[in-house]
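Here is the file final34.txt (compact mmCIF, C-alpha atoms and all ligand atoms).
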# COMPACT_ATOMS: atom_id res chain seq x y z
CA MET V 1 0.00 0.00 0.00
CA LYS V 2 2.78 2.37 1.00
CA ASN V 3 4.70 1.47 -2.14
CA THR V 4 1.62 2.03 -4.26
CA LEU V 5 1.20 5.46 -2.78
CA LEU V 6 4.86 6.28 -3.29
CA ASN V 7 4.66 5.10 -6.90
CA PHE V 8 1.58 7.20 -7.42
CA ALA V 9 3.31 10.20 -5.87
CA ALA V 10 6.25 9.72 -8.25
CA ILE V 11 4.03 9.32 -11.31
CA ALA V 12 1.88 12.27 -10.33
CA ALA V 13 4.94 14.43 -9.74
CA ILE V 14 6.34 13.56 -13.19
CA VAL V 15 3.02 14.06 -14.98
CA PHE V 16 2.34 17.23 -13.07
CA THR V 17 5.78 18.63 -13.77
CA GLN V 18 5.45 17.80 -17.45
CA SER V 19 1.94 19.07 -17.89
CA CYS V 20 2.53 22.20 -15.87
CA SER V 21 5.95 23.20 -17.09
CA ASN V 22 6.21 26.92 -17.83
CA LYS V 23 2.97 27.46 -15.97
CA PRO V 24 2.79 29.06 -12.51
CA LYS V 25 1.96 26.59 -9.76
CA GLU V 26 0.16 29.21 -7.73
CA VAL V 27 -2.30 31.61 -9.23
CA LYS V 28 -1.58 35.26 -8.66
CA PRO V 29 -2.56 37.13 -5.48
CA GLY V 30 -5.99 38.65 -5.78
CA PHE V 31 -7.18 35.76 -7.94
CA VAL V 32 -10.08 34.88 -5.66
CA ASP V 33 -11.12 38.51 -5.13
CA GLU V 34 -11.09 39.26 -8.83
CA ASN V 35 -13.17 36.19 -9.65
CA VAL V 36 -15.62 36.89 -6.84
CA LYS V 37 -16.02 40.49 -8.04
CA PHE V 38 -16.76 39.25 -11.55
CA ALA V 39 -19.16 36.53 -10.37
CA ALA V 40 -21.08 38.99 -8.20
CA GLU V 41 -21.42 41.47 -11.06
CA GLN V 42 -22.52 38.73 -13.44
CA TYR V 43 -25.09 37.33 -11.00
CA ASP V 44 -26.35 40.87 -10.27
CA LEU V 45 -27.27 41.00 -13.95
CA GLN V 46 -28.80 37.51 -13.78
CA ILE V 47 -30.94 38.51 -10.77
CA ALA V 48 -31.97 41.83 -12.35
CA LYS V 49 -33.43 39.95 -15.34
CA ILE V 50 -35.26 37.53 -13.07
CA GLU V 51 -36.66 40.42 -11.04
CA GLU V 52 -37.96 42.06 -14.23
CA SER V 53 -40.16 38.98 -14.69
CA GLY V 54 -41.84 39.52 -11.33
CA GLU V 55 -41.30 35.84 -10.52
CA ILE V 56 -38.65 33.85 -8.67
CA LEU V 57 -37.16 31.91 -11.58
CA ASN V 58 -34.40 29.31 -11.34
CA PRO V 59 -31.85 29.60 -14.18
CA LYS V 60 -30.09 26.48 -15.46
CA SER V 61 -28.56 27.24 -18.84
CA ILE V 62 -28.86 28.96 -22.19
CA ILE V 63 -30.24 26.70 -24.90
CA ASP V 64 -30.41 27.96 -28.49
CA GLY V 65 -29.83 31.46 -27.23
CA LYS V 66 -32.77 31.28 -24.81
CA MET V 67 -32.64 31.15 -21.03
CA LYS V 68 -33.71 27.82 -19.59
CA TYR V 69 -35.47 28.26 -16.25
CA ILE V 70 -36.31 25.11 -14.34
CA ASP V 71 -38.95 23.79 -11.94
CA PRO V 72 -38.11 23.02 -8.32
CA GLN V 73 -38.40 19.28 -9.14
CA GLU V 74 -35.56 19.38 -11.71
CA TRP V 75 -32.30 17.85 -10.46
CA THR V 76 -30.29 21.08 -10.76
CA SER V 77 -32.70 23.32 -8.84
CA GLY V 78 -30.43 23.59 -5.79
CA PHE V 79 -27.41 24.99 -7.60
CA PHE V 80 -28.51 28.57 -8.28
CA PRO V 81 -29.68 29.12 -4.67
CA GLY V 82 -26.44 27.45 -3.56
CA SER V 83 -24.39 29.83 -5.69
CA LEU V 84 -26.16 32.75 -4.00
CA TRP V 85 -25.15 31.33 -0.60
CA TYR V 86 -21.54 31.10 -1.78
CA LEU V 87 -21.70 34.69 -3.02
CA TYR V 88 -22.94 35.71 0.41
CA GLU V 89 -20.07 33.82 2.03
CA LEU V 90 -17.49 35.17 -0.39
CA THR V 91 -18.62 38.81 -0.31
CA GLY V 92 -20.14 39.13 3.17
CA ASP V 93 -22.82 41.30 1.55
CA GLU V 94 -26.26 40.80 3.13
CA LYS V 95 -27.95 41.35 -0.21
CA TRP V 96 -26.74 37.91 -1.31
CA LYS V 97 -28.07 36.35 1.87
CA ASN V 98 -31.51 37.86 1.27
CA ARG V 99 -31.47 36.59 -2.30
CA ALA V 100 -30.23 33.16 -1.23
CA VAL V 101 -33.03 32.83 1.31
CA LYS V 102 -35.63 33.84 -1.26
CA PHE V 103 -34.45 31.41 -3.95
CA THR V 104 -33.78 28.58 -1.47
CA GLU V 105 -37.26 28.71 -0.03
CA THR V 106 -38.87 28.20 -3.44
CA LEU V 107 -37.58 24.62 -3.09
CA ASP V 108 -39.65 23.90 0.00
CA THR V 109 -41.50 20.94 -1.56
CA VAL V 110 -38.30 19.21 -2.72
CA GLN V 111 -37.76 17.74 0.75
CA TYR V 112 -40.62 15.30 0.02
CA LEU V 113 -39.32 14.22 -3.36
CA THR V 114 -38.93 10.45 -3.58
CA ASN V 115 -39.08 9.72 -7.30
CA HIS V 116 -35.35 10.15 -7.97
CA HIS V 117 -32.13 10.31 -5.99
CA ASP V 118 -31.15 13.91 -6.67
CA VAL V 119 -32.81 15.28 -3.56
CA GLY V 120 -29.32 15.22 -2.00
CA PHE V 121 -27.95 17.67 -4.55
CA MET V 122 -31.08 19.80 -4.50
CA ILE V 123 -31.47 20.24 -0.76
CA GLY V 124 -27.78 19.98 0.13
CA CYS V 125 -26.69 22.84 -2.12
CA SER V 126 -29.59 25.13 -1.16
CA TYR V 127 -30.82 24.47 2.38
CA GLY V 128 -27.57 22.71 3.29
CA ASN V 129 -25.43 25.75 2.57
CA GLY V 130 -28.11 27.93 4.11
CA PHE V 131 -28.01 25.98 7.34
CA ARG V 132 -24.22 26.00 7.38
CA LEU V 133 -24.27 29.80 7.17
CA VAL V 134 -27.32 30.84 9.18
CA GLN V 135 -27.92 27.82 11.44
CA ASN V 136 -31.70 28.11 11.49
CA GLU V 137 -33.87 25.29 12.81
CA PRO V 138 -36.42 25.19 9.94
CA TYR V 139 -33.61 24.54 7.44
CA LYS V 140 -32.31 21.72 9.62
CA GLN V 141 -35.77 20.12 9.57
CA VAL V 142 -35.89 20.36 5.76
CA ILE V 143 -32.54 18.57 5.54
CA ILE V 144 -33.75 15.79 7.86
CA GLN V 145 -36.99 15.35 5.89
CA ALA V 146 -35.03 15.26 2.62
CA ALA V 147 -32.76 12.55 4.04
CA LYS V 148 -35.84 10.54 4.97
CA SER V 149 -37.14 10.93 1.42
CA LEU V 150 -33.80 9.85 -0.05
CA SER V 151 -33.69 6.86 2.30
CA THR V 152 -36.94 5.53 0.83
CA ARG V 153 -34.86 4.71 -2.25
CA PHE V 154 -32.47 2.43 -0.35
CA ARG V 155 -32.72 -1.15 -1.59
CA PRO V 156 -31.42 -3.36 1.23
CA VAL V 157 -30.88 -6.52 -0.82
CA ALA V 158 -28.48 -4.73 -3.18
CA GLY V 159 -27.27 -2.32 -0.49
CA ILE V 160 -27.60 0.78 -2.63
CA ILE V 161 -29.83 3.81 -3.15
CA GLN V 162 -31.69 3.46 -6.45
CA SER V 163 -30.95 6.49 -8.63
CA TRP V 164 -33.65 6.43 -11.24
CA ASP V 165 -37.08 4.87 -11.52
CA VAL V 166 -37.58 2.70 -14.59
CA THR V 167 -41.29 3.24 -15.01
CA GLY V 168 -41.14 6.14 -17.45
CA GLY V 169 -39.01 8.37 -19.66
CA TRP V 170 -35.91 7.18 -21.49
CA GLN V 171 -34.82 5.18 -18.44
CA ALA V 172 -37.78 2.83 -19.01
CA GLU V 173 -36.35 1.91 -22.42
CA ARG V 174 -33.02 0.54 -21.22
CA GLY V 175 -34.15 -2.76 -19.69
CA TRP V 176 -32.83 -1.79 -16.26
CA GLU V 177 -34.27 -2.99 -12.96
CA CYS V 178 -32.49 -0.84 -10.41
CA PRO V 179 -30.07 1.67 -11.97
CA VAL V 180 -27.52 3.38 -9.78
CA ILE V 181 -25.34 6.10 -11.26
CA ILE V 182 -21.96 7.17 -9.97
CA ASP V 183 -23.42 10.67 -9.46
CA ASN V 184 -25.35 9.20 -6.54
CA MET V 185 -22.22 9.45 -4.39
CA MET V 186 -23.02 13.18 -4.24
CA ASN V 187 -26.26 12.57 -2.37
CA LEU V 188 -24.62 10.87 0.60
CA GLU V 189 -23.57 14.10 2.31
CA LEU V 190 -27.24 14.78 3.09
CA LEU V 191 -27.47 11.45 4.93
CA PHE V 192 -24.34 12.12 6.98
CA GLU V 193 -25.80 15.51 7.93
CA ALA V 194 -29.10 13.95 8.97
CA THR V 195 -27.35 11.52 11.33
CA LYS V 196 -25.44 14.40 12.91
CA PHE V 197 -28.68 16.34 13.40
CA THR V 198 -30.81 13.48 14.72
CA GLY V 199 -28.40 10.99 16.26
CA ASP V 200 -30.14 8.34 14.14
CA SER V 201 -27.42 6.22 12.58
CA THR V 202 -29.78 4.74 9.98
CA PHE V 203 -28.90 7.51 7.52
CA TRP V 204 -25.16 7.05 8.13
CA LYS V 205 -25.42 3.28 7.62
CA ILE V 206 -27.27 3.72 4.33
CA ALA V 207 -24.57 6.15 3.16
CA VAL V 208 -21.62 3.87 3.97
CA THR V 209 -23.38 0.78 2.60
CA HIS V 210 -24.01 2.62 -0.66
CA ALA V 211 -20.41 3.86 -0.76
CA ASP V 212 -19.02 0.38 -0.08
CA ASN V 213 -21.08 -1.20 -2.83
CA THR V 214 -20.08 1.61 -5.18
CA ILE V 215 -16.43 0.76 -4.51
CA LYS V 216 -17.23 -2.88 -5.22
CA ASN V 217 -19.22 -2.47 -8.40
CA HIS V 218 -18.75 0.93 -10.00
CA PHE V 219 -14.96 0.88 -10.44
CA ARG V 220 -12.78 -0.84 -12.97
CA PRO V 221 -9.31 -2.08 -11.96
CA ASP V 222 -7.77 1.20 -13.17
CA PHE V 223 -10.17 3.14 -10.90
CA SER V 224 -12.14 4.57 -13.78
CA THR V 225 -15.89 4.45 -13.22
CA TYR V 226 -18.91 3.00 -14.90
CA HIS V 227 -21.72 5.49 -15.15
CA VAL V 228 -24.67 3.14 -14.53
CA ILE V 229 -24.72 -0.10 -12.55
CA ASP V 230 -28.02 -1.92 -12.84
CA TYR V 231 -28.75 -4.20 -9.86
CA SER V 232 -31.13 -7.10 -9.45
CA LEU V 233 -33.71 -6.25 -6.84
CA ALA V 234 -34.20 -9.94 -6.15
CA ASP V 235 -30.66 -10.92 -5.21
CA GLY V 236 -28.57 -7.73 -5.42
CA SER V 237 -26.37 -9.01 -8.23
CA VAL V 238 -25.13 -6.71 -11.00
CA ARG V 239 -27.28 -7.09 -14.11
CA ASN V 240 -25.64 -4.49 -16.35
CA ARG V 241 -22.65 -2.16 -16.43
CA ASN V 242 -23.72 0.64 -18.73
CA THR V 243 -23.47 4.27 -19.58
CA ALA V 244 -26.15 6.90 -20.09
CA GLN V 245 -24.22 10.13 -20.49
CA GLY V 246 -20.82 8.77 -21.50
CA PHE V 247 -19.49 7.69 -24.88
CA ALA V 248 -19.73 3.92 -24.33
CA HIS V 249 -20.42 1.37 -21.62
CA GLU V 250 -16.68 0.79 -21.16
CA SER V 251 -15.66 4.44 -21.45
CA THR V 252 -15.20 6.93 -18.62
CA TRP V 253 -17.60 9.84 -18.57
CA ALA V 254 -15.69 12.84 -17.28
CA ARG V 255 -18.30 14.30 -14.96
CA GLY V 256 -19.01 10.86 -13.51
CA GLN V 257 -15.34 10.49 -12.62
CA ALA V 258 -15.44 13.94 -11.00
CA TRP V 259 -18.53 12.98 -8.98
CA ALA V 260 -16.66 9.88 -7.79
CA ILE V 261 -13.64 11.84 -6.57
CA TYR V 262 -15.86 14.36 -4.85
CA GLY V 263 -18.21 11.76 -3.33
CA PHE V 264 -15.45 9.65 -1.80
CA THR V 265 -13.71 12.76 -0.47
CA VAL V 266 -16.94 13.61 1.37
CA CYS V 267 -17.18 10.03 2.67
CA TYR V 268 -13.66 10.32 4.04
CA ARG V 269 -14.41 13.70 5.63
CA GLU V 270 -17.48 12.26 7.34
CA THR V 271 -16.13 8.86 8.41
CA ARG V 272 -12.31 9.19 8.40
CA ASN V 273 -12.23 5.68 6.96
CA PRO V 274 -8.98 5.55 4.93
CA LYS V 275 -10.52 3.31 2.27
CA TYR V 276 -12.61 6.26 1.10
CA LEU V 277 -9.58 8.53 0.96
CA GLU V 278 -7.74 5.94 -1.09
CA GLN V 279 -10.72 5.59 -3.44
CA ALA V 280 -10.81 9.35 -4.03
CA GLU V 281 -7.05 9.43 -4.60
CA LYS V 282 -7.12 6.50 -7.00
CA ALA V 283 -10.06 7.97 -8.91
CA PHE V 284 -8.08 11.18 -9.35
CA GLU V 285 -4.95 9.21 -10.24
CA PHE V 286 -6.91 7.84 -13.21
CA VAL V 287 -7.50 11.43 -14.33
CA ALA V 288 -4.06 12.83 -13.55
CA THR V 289 -2.24 10.09 -15.43
CA ASN V 290 -4.68 9.87 -18.32
CA PRO V 291 -3.11 10.75 -21.67
CA ASN V 292 -6.43 12.26 -22.75
CA PHE V 293 -6.55 14.68 -19.81
CA PRO V 294 -5.51 18.07 -21.22
CA ALA V 295 -2.66 19.93 -19.57
CA ASP V 296 -4.94 22.88 -18.87
CA GLY V 297 -7.03 20.70 -16.54
CA VAL V 298 -10.41 20.89 -18.29
CA PRO V 299 -11.37 17.37 -19.39
CA TYR V 300 -13.02 16.32 -22.58
CA TRP V 301 -16.57 15.17 -21.87
CA ASP V 302 -15.42 11.54 -21.88
CA TYR V 303 -11.85 10.25 -21.40
CA ASN V 304 -12.48 7.83 -24.28
CA ALA V 305 -14.36 10.14 -26.61
CA PRO V 306 -13.44 8.97 -30.09
CA ASN V 307 -12.21 12.20 -31.70
CA ILE V 308 -10.03 13.78 -29.03
CA PRO V 309 -8.76 16.52 -29.41
CA ASP V 310 -11.79 17.43 -31.56
CA GLU V 311 -14.27 16.78 -28.79
CA LYS V 312 -16.19 19.05 -26.44
CA ARG V 313 -14.67 19.93 -23.11
CA ASP V 314 -16.74 19.92 -19.94
CA ALA V 315 -16.09 22.91 -17.68
CA SER V 316 -18.53 21.51 -15.13
CA ALA V 317 -16.37 18.40 -14.61
CA ALA V 318 -13.33 20.64 -14.21
CA ALA V 319 -15.03 22.87 -11.62
CA ILE V 320 -16.21 19.84 -9.62
CA MET V 321 -12.68 18.45 -9.61
CA ALA V 322 -11.10 21.76 -8.62
CA SER V 323 -13.46 22.12 -5.68
CA THR V 324 -12.92 18.62 -4.39
CA LEU V 325 -9.14 18.73 -4.93
CA TYR V 326 -8.95 21.75 -2.61
CA GLU V 327 -10.68 19.70 0.06
CA LEU V 328 -8.74 16.53 -0.72
CA SER V 329 -5.46 18.46 -0.44
CA GLY V 330 -6.20 18.84 3.27
CA PHE V 331 -6.60 15.08 3.77
CA SER V 332 -4.07 13.54 1.43
CA ASN V 333 -0.30 13.16 1.40
CA HIS V 334 -0.33 14.13 -2.27
CA ALA V 335 1.26 17.54 -2.05
CA ASP V 336 0.29 18.43 -5.61
CA TYR V 337 -3.50 18.39 -5.27
CA LYS V 338 -3.80 22.09 -4.50
CA ALA V 339 -1.58 22.92 -7.47
CA TRP V 340 -3.82 20.78 -9.70
CA ALA V 341 -6.86 22.65 -8.40
CA ASP V 342 -5.13 26.00 -8.95
CA LYS V 343 -4.25 24.96 -12.47
CA ILE V 344 -7.88 24.09 -13.26
CA MET V 345 -9.10 27.34 -11.71
CA GLN V 346 -6.59 29.37 -13.64
CA THR V 347 -7.87 27.85 -16.87
CA LEU V 348 -11.53 28.25 -15.95
CA SER V 349 -11.03 31.91 -15.07
CA GLY V 350 -9.27 32.63 -18.36
CA ALA V 351 -10.89 34.03 -21.49
CA GLU V 352 -11.68 30.61 -22.97
CA TYR V 353 -13.96 29.53 -20.13
CA ARG V 354 -15.01 32.59 -18.13
CA ALA V 355 -17.74 34.68 -19.67
CA VAL V 356 -17.53 38.34 -20.57
CA LEU V 357 -19.67 40.47 -18.24
CA GLY V 358 -23.26 40.54 -19.50
CA GLU V 359 -22.75 37.67 -21.96
CA ASN V 360 -23.27 33.89 -21.65
CA GLY V 361 -26.78 34.35 -20.23
CA ASP V 362 -25.14 36.02 -17.22
CA PHE V 363 -23.67 32.69 -16.12
CA ILE V 364 -20.03 32.62 -15.01
CA LEU V 365 -18.58 29.72 -16.99
CA LYS V 366 -18.90 28.71 -20.62
CA HIS V 367 -18.39 25.33 -22.31
CA SER V 368 -20.08 22.67 -20.22
CA VAL V 369 -21.81 19.56 -21.42
CA GLY V 370 -25.04 18.09 -20.07
CA SER V 371 -25.46 14.91 -22.09
CA ILE V 372 -23.96 14.38 -25.52
CA PRO V 373 -25.68 11.01 -26.13
CA HIS V 374 -29.03 12.72 -25.54
CA ASN V 375 -27.92 15.73 -27.60
CA SER V 376 -28.90 17.82 -24.61
CA GLU V 377 -27.12 20.93 -23.27
CA VAL V 378 -24.00 20.60 -25.38
CA ASP V 379 -21.33 23.29 -25.03
CA VAL V 380 -23.41 25.63 -22.90
CA PRO V 381 -23.24 27.33 -19.51
CA LEU V 382 -24.67 25.18 -16.70
CA ASN V 383 -25.68 26.34 -13.23
CA TYR V 384 -23.72 23.54 -11.57
CA ALA V 385 -20.46 24.50 -13.28
CA ASP V 386 -20.90 27.95 -11.71
CA TYR V 387 -21.81 26.45 -8.33
CA TYR V 388 -18.68 24.31 -8.06
CA PHE V 389 -16.52 27.14 -9.41
CA LEU V 390 -17.77 29.38 -6.58
CA GLU V 391 -17.35 26.58 -4.06
CA ALA V 392 -13.78 26.10 -5.29
CA LEU V 393 -13.09 29.84 -4.87
CA LYS V 394 -14.39 29.64 -1.31
CA ARG V 395 -12.28 26.59 -0.53
CA LYS V 396 -9.19 28.14 -2.11
CA ARG V 397 -9.68 31.30 -0.07
CA ASP V 398 -10.09 29.27 3.14
CA ILE V 399 -6.97 27.21 2.49
CA GLU V 400 -4.86 30.28 1.75
CA LYS V 401 -6.03 32.26 4.76
N1 LIG I 1 -26.25 14.08 -12.19
C1 LIG I 1 -26.50 14.28 -13.56
C2 LIG I 1 -25.35 14.83 -14.29
O1 LIG I 1 -24.26 14.96 -13.76
O2 LIG I 1 -25.54 15.12 -15.45

Encoded form (structure tokens):
Amino acid sequence: MKNTLLNFAAIAAIVFTQSCSNKPKEVKPGFVDENVKFAAEQYDLQIAKIEESGEILNPKSIIDGKMKYIDPQEWTSGFFPGSLWYLYELTGDEKWKNRAVKFTETLDTVQYLTNHHDVGFMIGCSYGNGFRLVQNEPYKQVIIQAAKSLSTRFRPVAGIIQSWDVTGGWQAERGWECPVIIDNMMNLELLFEATKFTGDSTFWKIAVTHADNTIKNHFRPDFSTYHVIDYSLADGSVRNRNTAQGFAHESTWARGQAWAIYGFTVCYRETRNPKYLEQAEKAFEFVATNPNFPADGVPYWDYNAPNIPDEKRDASAAAIMASTLYELSGFSNHADYKAWADKIMQTLSGAEYRAVLGENGDFILKHSVGSIPHNSEVDVPLNYADYYFLEALKRKRDIEK
């Protein structure tokens, strides 16, 4: 184990040195402040347009030049409110808190959502950040109720939380029984929170059981991830190893790999079980040593996309990785994780990825990918790319303090 880690450290150091030669390892002083200033100005414009409508609208993306606002039930509904909480935290300006409260509380009904797994994202990013910053009892109760709703999707025989129902939509056409996607690792934080709030270890046990079975079934020997594992509800065996948003069943979808790194980092933070730390490190090792991972740190949408370098990049996957690498750098012996995160952030804040003020639908980042196989949200801004970019800025600022 020690040798493996040492080997990884050596490989990572070589790859990092090669890919980062001639590039500063630390971004310049004032980097966070400048990006926060820009983000606040851009989101001021975003909010001004929403206010003109007289409604509390939830922006997700720009599709065919038109703003896409979403319902509270859509999986990304927590990200815009969450970004407002991060702007409050990053600026200290009460106006962002008032906005964050207003947009968060439009998601009140989401706590009862049981028809897909994303309630963790939705409530964690909105009410979860709200509770972290304002500590109010009603938000805590929403988080607990949401964890109860998520727990209804736990399937004890397979030992996982079912991600999607298979009774309708395109998921019904895939022949799956109990699909679990790697993204589901992101919902576990809500369960850990609920155990802390209630003292009821049921939530915690569901989270670690899901994480353990994800280690067992979602990873290939090189620590790349499958997107979808389909379980038998009768005996818990794996029926299919598939993709939905990646290039192929045996390829590695870039955002899925980012969700894996992030999810296992959270599991380590919450349990201090070293197997989760190792899983996060190995999942990032797959990225860091991958010949198809660009030196600027923004991955192509799939590490096995057939026409690299003529493939779309995914800024959302990069922002997720940057954010989690800042956290992971505090847990891991890999001294280069912060530099990797800085590298990604430097690229994302450059002209290629960061919008011009008043353009890009008033979102912060350009060039994300929702789902290429579904021809949906390709090369567009996405609210979750912005959310993890802001989270990364906050984490970078905290580390450097
Ligand atoms: N969780 C869905 C996605 O990452 O696209």

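Residues surrounding Trp164 (chain V) within 10 Å are V:Asn115, V:His116, V:His117, V:Asp118, V:Arg153, V:Gln171, V:Ala172, V:Trp176, V:Glu177, V:Cys178, V:Pro179, V:Val180, V:Ile181, V:Asn184 [all atoms listed in the file; sequence separation below 5 positions excluded].
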
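With all atoms listed in the file as the basis for measurement, V:Ile182 is the residue among V:Ala315, V:Ile123, V:Leu57, V:Ile182 that approaches Gln162 (chain V) most closely.
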
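Residues near the point (-31.9, 14.9, -25.4), at a distance of 12 Å or less over only C-alpha atoms, make up V:Ile63, V:Gly169, V:Trp170, V:Ala244, V:Gln245, V:Val369, V:Gly370, V:Ser371, V:Ile372, V:Pro373, V:His374, V:Asn375, V:Ser376, V:Glu377, V:Val378.
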
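Distances from V:Tyr337, V:Tyr384, V:Phe331, V:Trp75 to Asp314 (chain V) were compared using all atoms listed in the file, and the smallest one belongs to V:Tyr384.
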
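Using only C-alpha atoms for every distance, the candidate list V:Trp96, V:Phe363, V:Tyr387, V:Tyr353 yields V:Phe363 as the residue closest to Met67 (chain V).
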